[in-house]
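Everything on this sheet refers to the single structure shown next.
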Amino acid sequence: MDAPGQDLTALDTDAWLARAAKAGPVVESFAPEADRNRRLTAGAMAALHEQALFRLLLPAVYGGAEMTLPVFLPVIEAVARHDGSAAWCVAQGNGCASLAGFLEPALAQEIWGRDPNGVLAWGPGKAEARAVEGGYSVTARTGFASGSHHATWLAAHCMVFENDGTPRLDPKGTQENRTMLIPAATVELSNSWDSVGLRGTGSDGFACDGLFVPGERTVVRATMIDDRPVVSSLHGMPLMSVYAIGFAAVALGLSRGLFDAFVALAQDKRPRGARFTLKENPAVHEEVARADAKIRGARAFLAEAAEAGAADLAAEGRMSVDTLMTIRLAGTHAIHEAKAAVDPLFDTAGTGAVMASSPLERRFRDIRAVGLQMQARKTHLQTWGSWALGGSVTSDGVNVG
């Protein structure tokens with residue numbers, strides 16, 4: 001782990017890619033075990049923490065790198081070339097870490113500042129919070145909290161009720177949704193994450209009934225950009241834009257990893273009854289070329305969107321609607337292009353590709369799982385198309401942010 005007080009913001013892109021290159025082979029060596037046990041291993045987590053990869057989007061004031069999106073993208077992508085589950089957890093954990101800039105300083109210090117291995121995880125679910133003296137009484141049933149088994153803190157996004165049971169409304173007349181920060185040791189995780197792909201993410205959830213959460217351990221995410229003082233250069237960066245770029249980077253890294261594995265296989269693979277190896281087959285040459293072009297094209301568009309987001313933040317402190325919409329389209333497009341690029345390669349690899357020992361098999365399953373996550377919804381394409389043709393959009397974190 002980095003020495004206390006090291007300035008992570010002083011590291012450039014090459015330095016971060018070198019860190020990802022050190023952690024990558026380690027997490028890949030543990031990936032089969034993580035896949036079986038449905039959570040990252042202690043060895044993989046140690047390697048990721050040693051390279052400070054859960055502190056990429058953490059504000060510098062709490063010991064983070066406060067990294068821009070154009071650097072975040074290739075770092076996540078580099079980890080994903082080795083293991084999709086590890087990269088997914090890093091992307092998710094960093095999205096959660098970006099919340100630190102909006103928390104009370106004492107709480108942010110407790111979660112990340114004084115704990116070099118601090119990780120926050122959350123996921124959707126049904127959660128309610130009733131106002132009580134000093135805080136809230138929380139009842140929740142959550143799931144899909146990626147990285148929950150190695151998290152030190154968990155969060156529940158709760159609909160808020162007053163003590164008398166009436167909904168608490170914001171100035172717009174919408175019921176308040178407040179995020180509750182909870183020490184992981186105080187709740188018990190479920191054991192429900194048994195998926196086809198991204199198995200190593202350990203995306204379980206937790207349940208609690210009447211758990212007391214002090215008011216100072218809560219935040220309203222919908223208003224925090226406007227309500228909280230600026231402590232980070234990432235202050236105006238919408239969380240959903242982070243996830244659009246981060247999870248698309250996972251898909252691109254997985255596709256590149258599968259591509260590389262196919263190229264290695266093709267050197268000697270001779271399908272049964274064939275006269276030539278895959279390397280010598282002109283039809284395979286075309287497949288490889290098309291796959292590479294798809295991955296490169298999608299990545300270039302995503303990188304362009306990330307650069308636009310960083311430029312907006314630097315110039316205006318927040319992203320324009322045009323930039324938000326570009327990130328939304330680029331992220332969705334990249335996930336589907338990455339998936340489409342490697343489908344033919346997996347088919348051409350033959351029956352050996354379905355074996356658990358194949359470097360293609362887990363990556364193929366993982367990229368299918370990425371393609372089913374919210375950031376990959378095809379309705380995002382409809383939203384962008386409607387906006388491009390003059391329709392209105394919302395900035396609710398799904399359609400735009």
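The way I read the labels, and the way they are meant: chains A, B, ... in the order of the structure tokens, residue 1 as the first residue of every chain, and ligand 1 as the first ligand shown, with later ones counted on from there.
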DSSP strand (DSSP E or B) residues within region 79-249 of chain A, listed as a PyMOL selection string: chain A and resi 120-122+125-132+135-142+145+153-161+167+169+175+177-183+188-189+204+206-214+218-219
How would you write, as a ChimeraX atom specification, the set of residues in region 187-248 of chain A that DSSP gives as helix (DSSP H, G or I)? /A:199-201,215-217,224-227,239-248
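Each of A:Ala106, A:Val213, A:Ala184, A:Ala222 was compared to Asp170 (chain A) using only C-alpha atoms, and A:Ala222 turns out to be the nearest.
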Hey, what's within 9 Å of Gln375 (chain A) if we count only C-alpha atoms and toss same-chain stuff fewer than 6 positions away? As a PyMOL selection string, please? chain A and resi 240+243-244+247-248+328+331-332+335+398
Just C-alpha atoms for this one: save the residues we selected as a PDB file, in the first residue's frame.
```pdb
ATOM      1  CA  MET A 240     -24.312   8.108 -13.700  1.00  0.00           C
ATOM      2  CA  TYR A 243     -20.803   4.586 -14.334  1.00  0.00           C
ATOM      3  CA  ALA A 244     -21.482   5.031 -18.055  1.00  0.00           C
ATOM      4  CA  PHE A 247     -18.731   0.091 -17.001  1.00  0.00           C
ATOM      5  CA  ALA A 248     -18.252   0.704 -20.724  1.00  0.00           C
ATOM      6  CA  ARG A 328     -24.763   8.464 -22.343  1.00  0.00           C
ATOM      7  CA  GLY A 331     -21.205   4.420 -22.998  1.00  0.00           C
ATOM      8  CA  THR A 332     -24.184   2.457 -24.263  1.00  0.00           C
ATOM      9  CA  ILE A 335     -20.866  -1.848 -24.375  1.00  0.00           C
ATOM     10  CA  VAL A 398     -30.807   7.836 -16.008  1.00  0.00           C
TER      11      VAL A 398
END
```
Would you mind listing what lies within 7 Å of Ala266 (chain A) as a list in words, with only C-alpha atoms counted and same-chain residues fewer than 5 positions away left out? Thr277, Leu278 and Lys279 of chain A
Compile the contact shell of Ala42 (chain A) as a ChimeraX atom specification: residues with an atom at most 10 Å away, counting only C-alpha atoms, same-chain residues fewer than 5 positions apart removed. /A:27,30,34,47-48,150
With only C-alpha atoms as the counted atoms, please give the residues lying no more than 10 Å from Gly246 (chain A), apart from itself and same-chain residues fewer than 2 positions off, as a JSON list (two decimals) with N, CA and C atoms, in the first residue's frame.
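Saved the output as out35.json:
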```
[["chain", "number", "residue", "atom", "x", "y", "z"],
["A", 69, "LEU", "N", -11.85, 11.79, -15.85],
["A", 69, "LEU", "CA", -12.46, 10.68, -16.57],
["A", 69, "LEU", "C", -11.60, 10.15, -17.71],
["A", 72, "PHE", "N", -9.36, 7.77, -15.94],
["A", 72, "PHE", "CA", -10.15, 6.70, -15.32],
["A", 72, "PHE", "C", -10.48, 5.61, -16.34],
["A", 73, "LEU", "N", -10.85, 6.01, -17.54],
["A", 73, "LEU", "CA", -11.27, 5.05, -18.58],
["A", 73, "LEU", "C", -10.18, 4.01, -18.87],
["A", 74, "PRO", "N", -8.96, 4.40, -19.25],
["A", 74, "PRO", "CA", -7.96, 3.38, -19.59],
["A", 74, "PRO", "C", -7.50, 2.55, -18.39],
["A", 75, "VAL", "N", -7.58, 3.11, -17.18],
["A", 75, "VAL", "CA", -7.18, 2.33, -16.01],
["A", 75, "VAL", "C", -8.17, 1.20, -15.77],
["A", 76, "ILE", "N", -9.47, 1.51, -15.81],
["A", 76, "ILE", "CA", -10.48, 0.46, -15.65],
["A", 76, "ILE", "C", -10.37, -0.55, -16.78],
["A", 77, "GLU", "N", -10.18, -0.07, -17.98],
["A", 77, "GLU", "CA", -10.03, -0.93, -19.14],
["A", 77, "GLU", "C", -8.85, -1.89, -18.97],
["A", 87, "ALA", "N", -12.40, -5.46, -12.33],
["A", 87, "ALA", "CA", -12.56, -4.13, -12.92],
["A", 87, "ALA", "C", -13.93, -3.54, -12.58],
["A", 88, "TRP", "N", -14.95, -4.37, -12.59],
["A", 88, "TRP", "CA", -16.30, -3.90, -12.26],
["A", 88, "TRP", "C", -16.34, -3.38, -10.83],
["A", 90, "VAL", "N", -13.83, -2.27, -9.08],
["A", 90, "VAL", "CA", -13.04, -1.04, -9.00],
["A", 90, "VAL", "C", -13.84, 0.14, -9.54],
["A", 91, "ALA", "N", -14.53, -0.06, -10.66],
["A", 91, "ALA", "CA", -15.34, 1.02, -11.22],
["A", 91, "ALA", "C", -16.47, 1.40, -10.27],
["A", 92, "GLN", "N", -17.15, 0.41, -9.73],
["A", 92, "GLN", "CA", -18.26, 0.67, -8.79],
["A", 92, "GLN", "C", -17.75, 1.33, -7.52],
["A", 94, "ASN", "N", -15.15, 3.13, -7.06],
["A", 94, "ASN", "CA", -14.72, 4.51, -7.29],
["A", 94, "ASN", "C", -15.90, 5.44, -7.50],
["A", 95, "GLY", "N", -16.96, 4.94, -8.12],
["A", 95, "GLY", "CA", -18.16, 5.75, -8.21],
["A", 95, "GLY", "C", -18.68, 6.10, -6.82],
["A", 240, "MET", "N", -23.94, 9.00, -12.61],
["A", 240, "MET", "CA", -24.31, 8.11, -13.70],
["A", 240, "MET", "C", -23.37, 8.26, -14.90],
["A", 241, "SER", "N", -22.77, 9.41, -15.07],
["A", 241, "SER", "CA", -21.77, 9.56, -16.12],
["A", 241, "SER", "C", -20.51, 8.77, -15.78],
["A", 242, "VAL", "N", -20.16, 8.74, -14.50],
["A", 242, "VAL", "CA", -19.03, 7.92, -14.05],
["A", 242, "VAL", "C", -19.29, 6.46, -14.39],
["A", 243, "TYR", "N", -20.49, 5.99, -14.07],
["A", 243, "TYR", "CA", -20.80, 4.59, -14.33],
["A", 243, "TYR", "C", -20.90, 4.29, -15.83],
["A", 244, "ALA", "N", -21.41, 5.24, -16.61],
["A", 244, "ALA", "CA", -21.48, 5.03, -18.05],
["A", 244, "ALA", "C", -20.09, 4.80, -18.63],
["A", 248, "ALA", "N", -18.60, 0.88, -19.31],
["A", 248, "ALA", "CA", -18.25, 0.70, -20.72],
["A", 248, "ALA", "C", -16.78, 0.34, -20.85],
["A", 249, "ALA", "N", -15.94, 0.94, -20.02],
["A", 249, "ALA", "CA", -14.52, 0.59, -20.03],
["A", 249, "ALA", "C", -14.30, -0.87, -19.65],
["A", 250, "VAL", "N", -15.12, -1.39, -18.72],
["A", 250, "VAL", "CA", -15.05, -2.81, -18.38],
["A", 250, "VAL", "C", -15.34, -3.66, -19.62],
["A", 251, "ALA", "N", -16.40, -3.29, -20.34],
["A", 251, "ALA", "CA", -16.75, -4.05, -21.55],
["A", 251, "ALA", "C", -15.64, -4.00, -22.59],
["A", 252, "LEU", "N", -15.05, -2.82, -22.78],
["A", 252, "LEU", "CA", -13.97, -2.70, -23.76],
["A", 252, "LEU", "C", -12.74, -3.50, -23.35],
["A", 331, "GLY", "N", -21.29, 5.55, -23.91],
["A", 331, "GLY", "CA", -21.21, 4.42, -23.00],
["A", 331, "GLY", "C", -22.05, 3.25, -23.45],
["A", 375, "GLN", "N", -26.55, 0.52, -17.59],
["A", 375, "GLN", "CA", -25.83, 1.41, -18.49],
["A", 375, "GLN", "C", -25.91, 0.95, -19.94]]
```
For Gly210 (chain A), list every protein, DNA or RNA residue within 7 Å, evaluated using only C-alpha atoms, and leave out those in the same chain fewer than 3 positions away; present the list as a compact mmCIF listing (two decimals) with C-alpha atoms, in the first residue's frame.
```
# COMPACT_ATOMS: atom_id res chain seq x y z
CA SER A 137 -34.63 4.25 11.69
CA VAL A 138 -33.82 2.27 8.55
CA THR A 139 -35.53 -0.82 7.19
```
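The coordinates place CA of Gln109 (chain A) at 26.5 Å from CA of Pro70 (chain A).
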How far is it from CA of Arg221 (chain A) to CA of Thr9 (chain A), in Å with one decimal? 25.3 Å
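The closest residue to Ala311 (chain A), picked from A:Thr68, A:Arg178, A:Ala80, A:Arg199 and counting only C-alpha atoms, is A:Thr68.
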Could you check which of A:Ala349, A:Ala207, A:Val219, A:Ala140 is closest to Gln267 (chain A), using only C-alpha atoms? A:Ala349
Which value, in Å to one decimal, gives the distance between CA of Thr351 (chain A) and CA of Phe259 (chain A)? 16.7 Å
